[in-house]
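Below is one structure, written out as structure tokens; the observations come after it.
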Amino acid sequence: MRSTGSWKNRTAVISGGSNGLGRSLALTLAEQGANLVILGRDPERLKAVEKQALELGASGVSTLSMDLCDVSETEVARGQNQGESLRDILAVVGCDLLINAVGKSDRGLLGQLSQSDLLEQFELNVLSTHKMTKLCWSALCAKQGVVVNIASLAGIVSGPAMGGYSMAKHALVGLHRQWRLESESTGVHFLLVCPGPIAREDSSHRYEQLTQSRGLDPATQSPGGGVALSRLDPNDLSRQILKAAQERRLELVVPGKVRILAMLAAVWPSLADKIIRKKMKRS
């Protein structure tokens with residue numbers, strides 16, 4: 001099923017757009033005829049996604065290769081020894097949609113994690129989003145655009161052996177909701193996305209070595225830390241996200257039933273913990 005043209009000829013900036021869900025979102029936007037600005041760390045992956053996006057029908061594609069955790073806001077805006085910077089691009093095309101898709105999961109109990117481990121999670125999952133939103137803010141305000149922040153179910157419900165990741169994603173949810181509250185008068189809309197485990201080729205063994213080195217239950221290396229949840233198709237999820245952004249919805253939780261668990265955790269935390277542990281045993 002091809003996507004509709006709801007973002008046709010509109011500019012979407014995607015951080016983390018050369019891999020994972022960010023890449024799927026970029027290609028889905030390309031099918032809709034959007035103009036893309038894609039940021040990623042790997043130049044070769046950026047070239048590949050640029051080529052594919054143009055083939056799928058993107059009205060234009062600009063790419064910027066950088067690690068958002070290693071560069072300052074000034075360096076991102078001005079560019080790192082590149083002919084064109086984010087500032088240059090936004091000055092010409094503006095920004096109708098910003099998707100913050102930079103992020104990385106982890107496996108480990110909080111008592112096992114170093115300050116360095118926690119800082120890495122916070123920089124990847126929280127500070128990169130704050131940085132990109134600030135950089136695109138003027139362009140977003142000018143077009144009363146949409147900001148999509150990709151969090152996780154781990155940002156609303158804690159998961160087994162995912163302490164650092166869950167901590168960071170909870171912080172991202174807080175950042176998102178605070179910015180949404182502060183921006184009401186600007187016309188900029190904020191959509192929070194909390195998806196469950198997303199299907200990928202290396203899902204079953206991606207965290208195998210880390211799980212073994214930290215002496216964790218082997219089940220925790222699975223997506224979602226081993227909680228029994230179906231893996232989401234990234235293309236279907238991308239279409240859901242872009243539809244929700246077009247409709248200016250506030251939050252998208254997939255699967256939706258987890259929202260009930262998150263509410264339960266606020267009013268009856270012991271029962272919520274019991275349900276999560278039970279789901280873990282059934283994985």
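Chain lettering (A, B, ...) mirrors the order of the structure tokens, residue numbering begins at 1 for each chain separately, and ligand numbering begins at 1 in order of display.
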
Each range 116-168 of chain A residue no farther than 12 Å from range 94-102 of chain A, nearest pair in Å, only C-alpha atoms, as CSV:
residue,atom,partner,partner_atom,distance
A:Gln121,CA,A:Val102,CA,10.8
A:Phe122,CA,A:Val102,CA,11.3
A:Glu123,CA,A:Val102,CA,9.8
A:Leu124,CA,A:Val102,CA,6.4
A:Asn125,CA,A:Val102,CA,6.5
A:Val126,CA,A:Val102,CA,8.9
A:Leu127,CA,A:Val102,CA,9.9
A:Ser128,CA,A:Val102,CA,7.0
A:Thr129,CA,A:Asn100,CA,5.7
A:His130,CA,A:Asn100,CA,9.1
A:Lys131,CA,A:Asn100,CA,9.9
A:Met132,CA,A:Asn100,CA,7.4
A:Thr133,CA,A:Leu98,CA,7.6
A:Lys134,CA,A:Leu98,CA,10.9
A:Leu135,CA,A:Leu98,CA,10.5
A:Cys136,CA,A:Cys95,CA,7.1
A:Trp137,CA,A:Cys95,CA,8.7
A:Ser138,CA,A:Gly94,CA,8.8
A:Ala139,CA,A:Gly94,CA,5.1
A:Leu140,CA,A:Cys95,CA,5.2
A:Cys141,CA,A:Cys95,CA,8.6
A:Ala142,CA,A:Gly94,CA,7.7
A:Lys143,CA,A:Asp96,CA,6.0
A:Gln144,CA,A:Asp96,CA,7.2
A:Gly145,CA,A:Asp96,CA,4.4
A:Val146,CA,A:Leu97,CA,4.8
A:Val147,CA,A:Leu98,CA,4.7
A:Val148,CA,A:Ile99,CA,4.7
A:Asn149,CA,A:Asn100,CA,5.0
A:Ile150,CA,A:Ala101,CA,5.4
A:Ala151,CA,A:Ala101,CA,8.3
A:Ser152,CA,A:Ala101,CA,10.8

Now that the selection is made, can you save its residues with C-alpha atoms as a CSV table (one decimal), in the first residue's frame?
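Generated file (again30.csv):
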chain,number,residue,atom,x,y,z
A,121,GLN,CA,21.6,7.3,26.8
A,122,PHE,CA,20.6,10.8,27.8
A,123,GLU,CA,22.6,12.5,25.1
A,124,LEU,CA,21.2,10.1,22.4
A,125,ASN,CA,17.6,10.0,23.4
A,126,VAL,CA,17.0,13.4,25.0
A,127,LEU,CA,19.6,16.1,24.3
A,128,SER,CA,19.7,15.4,20.5
A,129,THR,CA,16.0,16.1,20.4
A,130,HIS,CA,16.3,19.3,22.4
A,131,LYS,CA,19.1,20.4,20.1
A,132,MET,CA,17.3,19.7,16.8
A,133,THR,CA,14.0,21.4,18.0
A,134,LYS,CA,15.9,24.5,19.0
A,135,LEU,CA,17.7,24.7,15.7
A,136,CYS,CA,14.5,24.3,13.7
A,137,TRP,CA,12.3,26.4,16.0
A,138,SER,CA,12.2,29.6,13.9
A,139,ALA,CA,11.5,27.7,10.7
A,140,LEU,CA,8.8,25.7,12.5
A,141,CYS,CA,7.1,28.8,13.9
A,142,ALA,CA,7.1,30.5,10.5
A,143,LYS,CA,5.1,27.6,9.1
A,144,GLN,CA,3.3,26.5,12.3
A,145,GLY,CA,4.8,23.1,11.7
A,146,VAL,CA,4.7,19.8,13.5
A,147,VAL,CA,7.3,18.3,15.8
A,148,VAL,CA,7.3,14.5,16.1
A,149,ASN,CA,9.3,13.0,18.9
A,150,ILE,CA,9.9,9.3,18.8
A,151,ALA,CA,9.9,7.9,22.3
A,152,SER,CA,9.1,4.4,23.3

Surrounding residues of range 44-58 of chain A excluding itself and chain neighbours under 5 positions, 8 Å, only C-alpha atoms, as an mmCIF file with N, CA, C and O atoms, in the first residue's frame:
data_model
loop_
_atom_site.group_PDB
_atom_site.id
_atom_site.type_symbol
_atom_site.label_atom_id
_atom_site.label_comp_id
_atom_site.auth_asym_id
_atom_site.auth_seq_id
_atom_site.Cartn_x
_atom_site.Cartn_y
_atom_site.Cartn_z
ATOM 1 N N GLY A 17 17.654 9.864 10.241
ATOM 2 C CA GLY A 17 16.860 9.428 9.099
ATOM 3 C C GLY A 17 17.555 8.475 8.148
ATOM 4 O O GLY A 17 16.998 8.149 7.101
ATOM 5 N N SER A 18 18.758 8.021 8.488
ATOM 6 C CA SER A 18 19.467 7.117 7.575
ATOM 7 C C SER A 18 19.382 5.664 8.010
ATOM 8 O O SER A 18 19.920 4.776 7.346
ATOM 9 N N ASN A 19 18.684 5.394 9.119
ATOM 10 C CA ASN A 19 18.637 4.030 9.640
ATOM 11 C C ASN A 19 17.373 3.840 10.470
ATOM 12 O O ASN A 19 16.787 4.794 10.971
ATOM 13 N N ARG A 23 14.642 6.076 8.943
ATOM 14 C CA ARG A 23 14.770 5.788 7.512
ATOM 15 C C ARG A 23 13.415 5.419 6.915
ATOM 16 O O ARG A 23 13.062 5.897 5.828
ATOM 17 N N ALA A 26 11.452 8.527 6.468
ATOM 18 C CA ALA A 26 11.955 9.316 5.341
ATOM 19 C C ALA A 26 11.446 8.757 4.012
ATOM 20 O O ALA A 26 11.011 9.513 3.130
ATOM 21 N N LEU A 27 11.469 7.446 3.865
ATOM 22 C CA LEU A 27 11.046 6.827 2.607
ATOM 23 C C LEU A 27 9.531 6.907 2.430
ATOM 24 O O LEU A 27 9.044 7.052 1.302
ATOM 25 N N LEU A 29 7.707 9.383 3.566
ATOM 26 C CA LEU A 29 7.523 10.777 3.156
ATOM 27 C C LEU A 29 7.907 10.973 1.691
ATOM 28 O O LEU A 29 7.266 11.754 0.972
ATOM 29 N N ALA A 30 8.943 10.272 1.258
ATOM 30 C CA ALA A 30 9.347 10.349 -0.152
ATOM 31 C C ALA A 30 8.225 9.872 -1.063
ATOM 32 O O ALA A 30 7.945 10.484 -2.105
ATOM 33 N N GLU A 31 7.552 8.802 -0.675
ATOM 34 C CA GLU A 31 6.416 8.297 -1.455
ATOM 35 C C GLU A 31 5.301 9.334 -1.565
ATOM 36 O O GLU A 31 4.542 9.349 -2.538
ATOM 37 N N GLN A 32 5.214 10.193 -0.547
ATOM 38 C CA GLN A 32 4.176 11.221 -0.543
ATOM 39 C C GLN A 32 4.627 12.496 -1.258
ATOM 40 O O GLN A 32 3.884 13.472 -1.315
ATOM 41 N N GLY A 33 5.840 12.497 -1.801
ATOM 42 C CA GLY A 33 6.317 13.645 -2.561
ATOM 43 C C GLY A 33 6.837 14.785 -1.720
ATOM 44 O O GLY A 33 6.866 15.942 -2.161
ATOM 45 N N ALA A 34 7.273 14.473 -0.487
ATOM 46 C CA ALA A 34 7.798 15.518 0.394
ATOM 47 C C ALA A 34 9.211 15.931 -0.005
ATOM 48 O O ALA A 34 9.916 15.202 -0.713
ATOM 49 N N ASN A 35 9.603 17.107 0.456
ATOM 50 C CA ASN A 35 10.980 17.571 0.327
ATOM 51 C C ASN A 35 11.698 17.205 1.622
ATOM 52 O O ASN A 35 11.260 17.601 2.707
ATOM 53 N N LEU A 36 12.796 16.467 1.535
ATOM 54 C CA LEU A 36 13.424 15.884 2.717
ATOM 55 C C LEU A 36 14.765 16.520 3.057
ATOM 56 O O LEU A 36 15.576 16.815 2.172
ATOM 57 N N ILE A 38 17.633 15.179 5.601
ATOM 58 C CA ILE A 38 17.920 13.989 6.406
ATOM 59 C C ILE A 38 19.278 14.131 7.077
ATOM 60 O O ILE A 38 20.283 14.383 6.418
ATOM 61 N N LEU A 39 19.302 13.968 8.399
ATOM 62 C CA LEU A 39 20.546 13.987 9.166
ATOM 63 C C LEU A 39 20.859 12.588 9.670
ATOM 64 O O LEU A 39 19.970 11.877 10.160
ATOM 65 N N THR A 63 21.042 16.067 2.478
ATOM 66 C CA THR A 63 21.545 15.232 3.566
ATOM 67 C C THR A 63 22.682 15.939 4.287
ATOM 68 O O THR A 63 23.469 16.664 3.678
ATOM 69 N N LEU A 64 22.756 15.721 5.590
ATOM 70 C CA LEU A 64 23.828 16.262 6.413
ATOM 71 C C LEU A 64 24.379 15.133 7.280
ATOM 72 O O LEU A 64 23.626 14.511 8.042
ATOM 73 N N SER A 65 25.669 14.884 7.156
ATOM 74 C CA SER A 65 26.305 13.808 7.920
ATOM 75 C C SER A 65 26.958 14.382 9.173
ATOM 76 O O SER A 65 27.891 15.185 9.084
#

Inset, instruction - Write out as a ChimeraX atom specification each polymer residue whose atoms come within 12 Å of range 265-281 of chain A, counting only C-alpha atoms; drop sequence neighbours fewer than 4 positions from it. - result: /A:154,156-161,217-230,258-261

Inset, instruction - From a DSSP calculation on the backbone, collect every residue of range 69-220 of chain A in helix (DSSP H, G or I) and output the set as a PyMOL selection string. - result: chain A and resi 73-78+86-93+110-112+115-143+153-155+163-182+184-186+208-213+218-220

Inset, instruction - Step one, run DSSP on the backbone; step two, keep only residues of range 8-50 of chain A assigned to strand (DSSP E); then write them as a ChimeraX atom specification. - result: /A:11-15,35-40

Inset, instruction - Identify which of the residues A:Leu109, A:Leu172, A:Leu252, A:Leu119 lies closest to Cys194 in chain A, counting only C-alpha atoms when measuring atom-to-atom distances. - result: A:Leu252
